[in-house]
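Take a look at the structure set out below.
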Amino acid sequence: MSSSNVSILVVSGTTERLQMAAMVASVAAVSGSQVQVLLSMNALQFFLKSNAAHPWPEGDFGRTMAGKNVPPFKQLLQQAAELGDAAIHPCSMAIDVLGARPEELEPFLAPPLGLTKFLADSAGGQLLTF
Amino acid sequence: MERQVIDARGTFCPGPLMELIAAVKLAAIGDEIEVLSTDAGSAADIPEWIRKVGHQVVSTTSESGVWHVVVRKAESRTRP
């Protein structure tokens, strides 16, 4: 990967980190960067179609943001995929731990991805973790 | 040439930019899109994105707390 490629590892289930990850992914993707996102750990549960729960705020900003007209993080990630060709992958390990099947996840997600391939594809580019 | 207005007032960053990009993708070369935004960050970010991807900023004005950014679609160097 080149420096114009952005890889984003999302492991948090908090409002602030999911929002920031989605903002970076969407803006980078529509600005010409090749973007890949790996959703794992506490983040992946919010991409199950059956899960209507919201992420939890980790601080005052997250609580304040909830009352504002901020674009939802899932909408931003979907726009990253549809407008900027970003690849939003569920982590294959996290899927196994949750006992979920890929078809139970949001339809804009790309196929599951393992950590080895994600790291290989990230080489030489920017790797951000939320 | 057509002109489209996107009313993104009250939406925070990067909402206005993403709404603009969705409209740019559907527009024809030469079409103009005017974005209305109350988010000052977006008023700065939208011209930056336009320069990066190769479209044209026709004008940027502020009136009663509302930013009006007019963009003309050109042959873009990058997506969309």
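Numbering starts fresh at 1 for the residues of each chain in the structure tokens, the chains themselves are lettered A, B, ... in the order given, and ligands are numbered from 1 as they appear.
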Long-range neighbours of B:Glu19 as number ranges by chain, 9 Å cut-off, only C-alpha atoms, 6 positions minimum in chain: B: 6, 8, 35
Could you take the residues named above and write them with N, CA and C atoms, as a tab-separated table (two decimals), in the first residue's frame?
chain	number	residue	atom	x	y	z
B	6	ILE	N	-28.46	22.41	-2.06
B	6	ILE	CA	-28.51	21.42	-0.98
B	6	ILE	C	-28.60	22.17	0.34
B	8	ALA	N	-28.15	21.97	3.89
B	8	ALA	CA	-27.55	21.15	4.95
B	8	ALA	C	-27.44	21.95	6.25
B	35	VAL	N	-24.32	24.66	-1.67
B	35	VAL	CA	-24.52	24.03	-0.37
B	35	VAL	C	-24.78	25.12	0.66
Residues of stretch 2-31 of chain B in strand (DSSP E), written as a list in words: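 Matching residues for strand (DSSP E) in stretch 2-31 of chain B are Arg3, Gln4, Val5, Ile6 and Asp7 of chain B.
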Write the residues of the selection above to a file with C-alpha atoms, as a short mmCIF file (atom, residue, chain, number, x, y, z; two decimals), in the first residue's frame.
data_model
loop_
_atom_site.label_atom_id
_atom_site.label_comp_id
_atom_site.auth_asym_id
_atom_site.auth_seq_id
_atom_site.Cartn_x
_atom_site.Cartn_y
_atom_site.Cartn_z
CA ARG B 3 -28.00 24.42 -10.56
CA GLN B 4 -29.01 22.45 -7.50
CA VAL B 5 -29.32 23.69 -3.91
CA ILE B 6 -28.51 21.42 -0.98
CA ASP B 7 -29.88 22.64 2.33
#
Using only C-alpha atoms, tabulate the residues of chain A lying at most 7 Å from any atom of chain B, each with its closest atom pair and that distance in Å to one decimal, by chain and increasing residue number, as CSV.
residue,atom,partner,partner_atom,distance
A:Met23,CA,B:Pro14,CA,6.7
A:Val30,CA,B:Arg79,CA,6.4
A:Ser31,CA,B:Val53,CA,6.5
A:Gly32,CA,B:Thr78,CA,5.5
A:Asn69,CA,B:Thr11,CA,5.3
A:Val70,CA,B:Phe12,CA,5.1
A:Pro71,CA,B:Gly15,CA,5.7
A:Leu83,CA,B:Pro80,CA,6.6
A:Gly84,CA,B:Arg79,CA,6.8
Residue neighbourhood stretch 87-96 of chain A, 9 Å, only C-alpha atoms, exclusion window fewer than 3 positions, as a VMD selection string: chain A and resid 34 to 42 44 to 45 47 77 to 78 80 to 81 99 to 102 105 108 to 115
Quick one: write out the picked residues with C-alpha atoms as a PDB file, in the first residue's frame?
ATOM      1  CA  GLN A  34      -7.973   3.855  -0.756  1.00  0.00           C
ATOM      2  CA  VAL A  35      -9.632   3.096   2.583  1.00  0.00           C
ATOM      3  CA  GLN A  36     -10.047  -0.192   4.397  1.00  0.00           C
ATOM      4  CA  VAL A  37     -11.724  -0.534   7.785  1.00  0.00           C
ATOM      5  CA  LEU A  38     -11.614  -3.549  10.099  1.00  0.00           C
ATOM      6  CA  LEU A  39     -14.433  -3.717  12.668  1.00  0.00           C
ATOM      7  CA  SER A  40     -13.562  -5.844  15.676  1.00  0.00           C
ATOM      8  CA  MET A  41     -13.961  -6.301  19.447  1.00  0.00           C
ATOM      9  CA  ASN A  42     -16.623  -3.991  20.958  1.00  0.00           C
ATOM     10  CA  LEU A  44     -18.623  -5.094  15.607  1.00  0.00           C
ATOM     11  CA  GLN A  45     -21.833  -5.653  17.609  1.00  0.00           C
ATOM     12  CA  PHE A  47     -23.154  -3.691  12.749  1.00  0.00           C
ATOM     13  CA  LEU A  77     -19.368   4.338   6.840  1.00  0.00           C
ATOM     14  CA  GLN A  78     -22.000   3.377   4.289  1.00  0.00           C
ATOM     15  CA  ALA A  80     -17.528   5.790   2.573  1.00  0.00           C
ATOM     16  CA  ALA A  81     -18.283   2.477   0.882  1.00  0.00           C
ATOM     17  CA  GLY A  99     -21.430 -16.476  16.874  1.00  0.00           C
ATOM     18  CA  ALA A 100     -22.746 -14.395  13.982  1.00  0.00           C
ATOM     19  CA  ARG A 101     -22.998 -15.134  10.284  1.00  0.00           C
ATOM     20  CA  PRO A 102     -21.893 -12.591   7.653  1.00  0.00           C
ATOM     21  CA  LEU A 105     -24.394  -7.941   9.331  1.00  0.00           C
ATOM     22  CA  PHE A 108     -22.817  -2.472   3.049  1.00  0.00           C
ATOM     23  CA  LEU A 109     -20.065  -4.434   4.791  1.00  0.00           C
ATOM     24  CA  ALA A 110     -17.434  -6.215   2.711  1.00  0.00           C
ATOM     25  CA  PRO A 111     -16.624  -9.890   3.354  1.00  0.00           C
ATOM     26  CA  PRO A 112     -14.962 -10.851   6.655  1.00  0.00           C
ATOM     27  CA  LEU A 113     -11.235 -10.225   6.856  1.00  0.00           C
ATOM     28  CA  GLY A 114      -8.513 -11.727   9.034  1.00  0.00           C
ATOM     29  CA  LEU A 115      -5.888  -9.700  10.831  1.00  0.00           C
TER      30      LEU A 115
END
Every residue of chain A that DSSP places in helix (DSSP H, G or I), as a PyMOL selection string: chain A and resi 15-30+41-47+60-65+73-84+92-98+102-104+115-122
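Note that atom CA of B:Ala23 and atom CA of B:Ser64 are 24.8 Å apart.
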12 Å contact set for A:Glu16, only C-alpha atoms, chain neighbours under 3 positions out, as a PyMOL selection string: chain A and resi 10+12-13+19-23+43+54-66+70+72-73+130
Nearest residue to B:Pro47 from the set B:Glu2, B:Glu63, B:Glu75, B:Glu34 (distances using only C-alpha atoms): B:Glu34
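Interatomic distance, atom CA of B:Ser62 to atom CA of B:Glu32: 18.0 Å.
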Distance in Å - atom CA of B:His55 versus atom CA of B:Leu36: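 So the answer is 17.9 Å.
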Test item: residues at most 10 Å from B:Gly65, only C-alpha atoms, excluding those fewer than 6 positions along its chain, as an NGL selection string: :B and (9 or 37-40)
Take the selection from the previous step and output its residues with N, CA and C atoms, as a compact mmCIF listing (two decimals), in the first residue's frame.
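File written: again23.txt
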# COMPACT_ATOMS: atom_id res chain seq x y z
N ARG B 9 -28.28 22.97 6.39
CA ARG B 9 -28.25 23.77 7.62
C ARG B 9 -28.62 22.90 8.82
N SER B 37 -24.92 25.82 4.64
CA SER B 37 -24.44 25.17 5.85
C SER B 37 -24.30 26.18 6.98
N THR B 38 -24.66 25.76 8.17
CA THR B 38 -24.43 26.59 9.36
C THR B 38 -23.17 26.14 10.10
N ASP B 39 -22.49 25.16 9.55
CA ASP B 39 -21.28 24.60 10.17
C ASP B 39 -20.05 25.27 9.55
N ALA B 40 -19.38 26.11 10.34
CA ALA B 40 -18.24 26.87 9.80
C ALA B 40 -17.12 25.93 9.35
